Every structure is written in structure tokens, then in C-alpha cells.
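Peer 1: Sharing a structure with you now.
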Amino acid sequence: MPELGELVKIEITKPLPATGAIDTTYKIEGTVKMFDAVGAPPWVYAEVRRKEWWKPEFIEEVSYKRGFPIPVSGDFSIDFKPEKESDYEVTVIATPAPLSLPVVGVFPITGKSDMMKMRISEKPEGQFLDLKIVSYHKI
Amino acid sequence: MVTKVNLAVPPERIAPVMPGDTIRVITEFDYIGPKLDLARMITAIWRPTLLDPHNEIVRGENVFNIPDSPPPGQHLSVTIDLVVPEADWRTDYGLYSSIRDVPGPDIYTDYYPNLITIMGEPLFTNLRITSYTKQ
């Protein structure tokens with residue numbers, strides 16, 4: 001008999017990159033499948049932990065981004081748009097019921113993906129190089 | 001007289017243009033960086049005057065989006081059509097382009113001088129009867 005946290009298998013097909021920039025939208029894609037169970041697909045959320053070295057884990061900033069699994073295939077995608085410069089740990093979790101956001105926690109958890117670490121830094125300024133008029137003609 | 005000028009090769013001039021003609025200007029650049037929405041390219045015909053060394057007689061613009069461009073970046077091209085306005089009949093009109101509405105200062109091409117001749121409307125002056133005789 002699988003434990004509660006193993007009822008749902010979450011496979012990440014497009015993980016987050018290791019580094020990124022603030023105010024940029026990153027997409028997590030994957031599939032969610034239920035073991036030995038029938039019924040509606042579970043709800044998936046990305047649990048986003050903002051890591052600050054001086055804060056103990058229990059007071060870390062945690063937020064949840066909701067994903068929408070497609071029935072039958074279980075494919076889902078979740079948008080993650082970090083707004084602060086920091087290290088983040090992101091885990092996709094599954095739960096049997098929708099929850100209003102924001103929430104303090106999601107319970108019960110019926111599946112969990114591997115955790116993805118991401119370092120977010122300042123948005124780099126773009127560089128424009130070699131701007132020139134290359135041609136002109138009468139039309 | 002050439003009809004299209006490639007500024008990558010030694011400069012030539014297009015045939016003189018008239019008010020109402022359209023000149024198509026192609027500006028290119030390389031970009032490395034995050035995506036930018038609603039950047040604006042402007043291109044103008046100008047000529048030097050006493051008050052303004054780059055006095056614009058007409059300006060066109062094109063709003064465009066730049067996709068995410070991680071290193072090595074990408075090469076982008078923007079086309080702008082300029083309708084030649086009523087202007088003095090001169091041979092020293094130039095072109096320049098600039099990228100606006102992006103983070104940081106505006107970015108300019110060189111001011112390219114002496115590229116375009118604009119012919120004014122045909123001008124009839126000093127019309128008079130100079131003599132009359134019995135045949």
C-alpha cells in the first residue's frame with residue numbers, strides 16, 4: 001500500500017533552469033499520474049521556497065503557484081515569475097482538492113516532484129550592438 | 001543612377017526623389033539580453049541647418065518586440081517607410097535611426113549625411129511677355 005505522499009507520480013519534463021532573472025516568467029512542465037486510483041486528476045501546485053540563509057526553514061517565505069493538469073494525459077504547466085533576487089527551491093506537489101490561494105500550506109500532499117533549485121539575480125540590461133542603416137531605396 | 005543603396009559598401013546615391021515618394025529604410029542591429037516588448041525604432045530624413053545640425057524633415061517609427069536573446073544574441077532588422085514631404089530642393093539630405101523606449105539611454109546610428117536629393121515641385125518664375133511685333 002503506497003503512502004499518502006506517493007499516491008501520485010509527478011514527472012517534470014521541463015524543469016526550471018539553475019539560474020534566472022527577476023520579473024521573467026519561467027514555465028515548469030510535467031505530467032501527473034495517479035497510482036491505483038480513479039477519479040479526477042489531482043491539483044498541482046509549485047511550492048516555492050525563498051531561501052534566505054539567516055532565516056530558519058519554518059519562517060521562510062513560501063508561496064504556491066497553481067497548475068492545471070489536463071484530464072487523461074495529466075500534462076500540466078505552471079508559470080513561475082520570481083520578483084525578488086534570491087535562491088529558490090521549487091517543488092511540484094499534488095493534492096486531491098483545490099485550495100484557495102494564498103495558503104499557509106497544502107494538505108494532504110499526495111505526490112511530490114524532485115526539488116529544483118534556482119538562483120534569481122537582477123535582470124540584465126540588454127546590449128544593442130552595431131546599430132546601423134544598411135540600405136535605403138525608393139519604393 | 002542606382003535605385004537601392006547598400007550602406008555597407010562605399011556610398012552611392014539613389015535617384016532624386018520628389019515629395020510624395022516613399023523611401024524604404026532598413027536598419028539592423030545585434031541584441032543580447034532579455035526580451036523587450038514595445039521597443040520603438042525611429043528613422044528620419046534630416047539636413048543640417050544653422051539652428052539644428054540634424055534638422056528632421058520627416059520621421060517614421062515602428063514599434064516592435066525583441067525576443068529573449070541569450071548570448072551570442074541575435075541579428076534583428078527593422079524596416080521603416082518614409083514619405084518624402086514638401087521640402088527645399090537640396091542635395092544634402094541624410095538619414096539616421098534610433099532605438100527608443102528601451103532600458104537605458106536611446107541608441108543612435110551614425111548621422112549619415114548627403115544621401116538623398118529631394119526635388120521640389122517644378123517652379124515657374126518670372127513669367128512675362130518680353131516683346132510683341134507686327135508680322
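Residue numbers start at 1 in each chain; chains themselves are named A, B, ... in the order of the C-alpha cells; ligands are numbered from 1 in the order shown.
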Using only C-alpha atoms and a cut-off of 7 Å, which residues of chain A sit close to chain B? Please list them as a compact mmCIF listing (two decimals) with C-alpha atoms, in the first residue's frame.
Peer 2:
```txt
# COMPACT_ATOMS: atom_id res chain seq x y z
CA PRO A 124 20.45 42.04 -17.02
CA GLU A 125 20.18 45.02 -19.31
CA GLY A 126 20.10 44.20 -22.96
CA GLN A 127 23.02 45.14 -25.16
CA PHE A 128 22.42 46.73 -28.53
CA LEU A 129 25.40 46.32 -30.83
CA ASP A 130 26.31 47.57 -34.25
CA LEU A 131 23.15 49.60 -34.91
CA LYS A 132 23.31 50.83 -38.49
CA ILE A 133 21.22 51.69 -41.51
CA VAL A 134 22.13 49.05 -44.06
CA SER A 135 20.13 50.20 -47.06
CA TYR A 136 17.50 52.59 -48.38
CA HIS A 137 15.62 52.73 -51.62
CA LYS A 138 12.64 54.35 -53.27
CA ILE A 139 9.57 52.14 -53.50
```
Peer 1: Skipping near chain neighbours, those fewer than 2 positions away, what residues fall within 12 Å of B:Pro48 using only C-alpha atoms, listed as an MDAnalysis selection string?
Peer 2: chainID B and resid 45:46 50:57 90:95 111:114
Peer 1: Residues near stretch 121-129 of chain B, anyone? I mean within 12 Å using only C-alpha atoms, not counting same-chain ones fewer than 6 positions away, as a compact mmCIF listing (two decimals) with N, CA and C atoms, in the first residue's frame.
Peer 2:
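Listing of out_5.txt after writing:
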```txt
# COMPACT_ATOMS: atom_id res chain seq x y z
N VAL B 17 14.50 62.22 -55.45
CA VAL B 17 13.11 61.87 -55.14
C VAL B 17 12.27 63.14 -55.10
N MET B 18 10.96 62.92 -55.22
CA MET B 18 10.01 64.04 -55.22
C MET B 18 9.16 63.95 -53.95
N PRO B 19 8.59 65.07 -53.52
CA PRO B 19 7.61 64.99 -52.43
C PRO B 19 6.51 64.00 -52.80
N GLY B 20 6.16 63.15 -51.85
CA GLY B 20 5.14 62.11 -52.10
C GLY B 20 5.76 60.76 -52.38
N PRO B 85 8.36 64.58 -47.68
CA PRO B 85 7.45 65.74 -47.57
C PRO B 85 7.84 66.85 -48.55
N GLU B 86 7.00 67.86 -48.60
CA GLU B 86 7.38 69.08 -49.32
C GLU B 86 8.65 69.61 -48.65
N ALA B 87 9.65 69.90 -49.44
CA ALA B 87 10.92 70.35 -48.85
C ALA B 87 11.68 71.18 -49.86
N ASP B 88 12.69 71.88 -49.37
CA ASP B 88 13.54 72.65 -50.27
C ASP B 88 14.26 71.72 -51.22
N TRP B 89 14.48 72.24 -52.43
CA TRP B 89 15.21 71.44 -53.42
C TRP B 89 16.68 71.45 -53.03
N ARG B 90 17.13 70.35 -52.45
CA ARG B 90 18.52 70.30 -51.97
C ARG B 90 19.09 68.90 -52.19
```
Peer 1: Given only C-alpha atoms as the basis, pick out the residue of A:Val92, A:Val48, A:Met115, A:Ile70 nearest to A:Ile28.
Peer 2: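 So, comparing all the options, the nearest one is A:Val92.
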Peer 1: Measure the distance from atom CA of A:Val44 to atom CA of A:Lys117 in Å and round it to one decimal.
Peer 2: 18.4 Å
Peer 1: Using backbone DSSP assignments, extract all strand (DSSP E) residues from chain B; output them as a VMD selection string.
Peer 2: chain B and resid 4 to 6 22 to 33 36 to 47 55 to 66 69 to 83 90 to 100 107 to 108 112 to 118
Peer 1: How many Å separate atom CA of A:Ile78 from atom CA of A:Thr110?
Peer 2: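 A separation of 17.9 Å between them.
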Peer 1: Identify which of the residues A:Thr25, A:Ser86, A:Thr95, A:Ser77 lies closest to A:Lys112, counting only C-alpha atoms when measuring atom-to-atom distances.
Peer 2: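 Looking at the shortest contact to A:Lys112, the residue is A:Thr95.
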Peer 1: Which residues are close to A:Lys51, i.e. within 7 Å by only C-alpha atoms, leaving aside same-chain residues fewer than 4 positions away? Reply as a list in words.
Peer 2: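 Neighbouring residues, sequence-local ones excluded: Glu60, Ser86, Asp87 and Tyr88 of chain A.
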Peer 1: Give me a file of those residues, with C-alpha atoms, as a short mmCIF file (atom, residue, chain, number, x, y, z; two decimals), in the first residue's frame.
Peer 2:
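Final output, saved to selection.cif:
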```cif
data_model
loop_
_atom_site.label_atom_id
_atom_site.label_comp_id
_atom_site.auth_asym_id
_atom_site.auth_seq_id
_atom_site.Cartn_x
_atom_site.Cartn_y
_atom_site.Cartn_z
CA GLU A 60 10.89 31.02 5.15
CA SER A 86 17.29 35.24 -4.10
CA ASP A 87 17.82 31.50 -4.12
CA TYR A 88 14.65 29.49 -4.55
#
```
Peer 1: Using only C-alpha atoms, determine which residues lie at most 6 Å from A:Tyr45, disregarding the query and same-chain residues fewer than 6 positions distant; provide the list as number ranges by chain.
Peer 2: A: 64-67, 92-93
Peer 1: Write a file of the just-selected residues containing C-alpha atoms, as a compact mmCIF listing (two decimals), in the first residue's frame.
Peer 2:
```
# COMPACT_ATOMS: atom_id res chain seq x y z
CA TYR A 64 2.18 28.36 -4.14
CA LYS A 65 1.64 28.65 -7.90
CA ARG A 66 -1.20 26.64 -9.27
CA GLY A 67 -1.01 24.34 -12.27
CA VAL A 92 5.74 20.49 -7.55
CA ILE A 93 3.23 18.89 -5.24
```
Peer 1: Quick one: residues within 10 Å of B:Asp101, only C-alpha atoms counted, chain neighbours fewer than 4 positions away excluded, as a PyMOL selection string?
Peer 2: chain B and resi 36-41+63+105-107
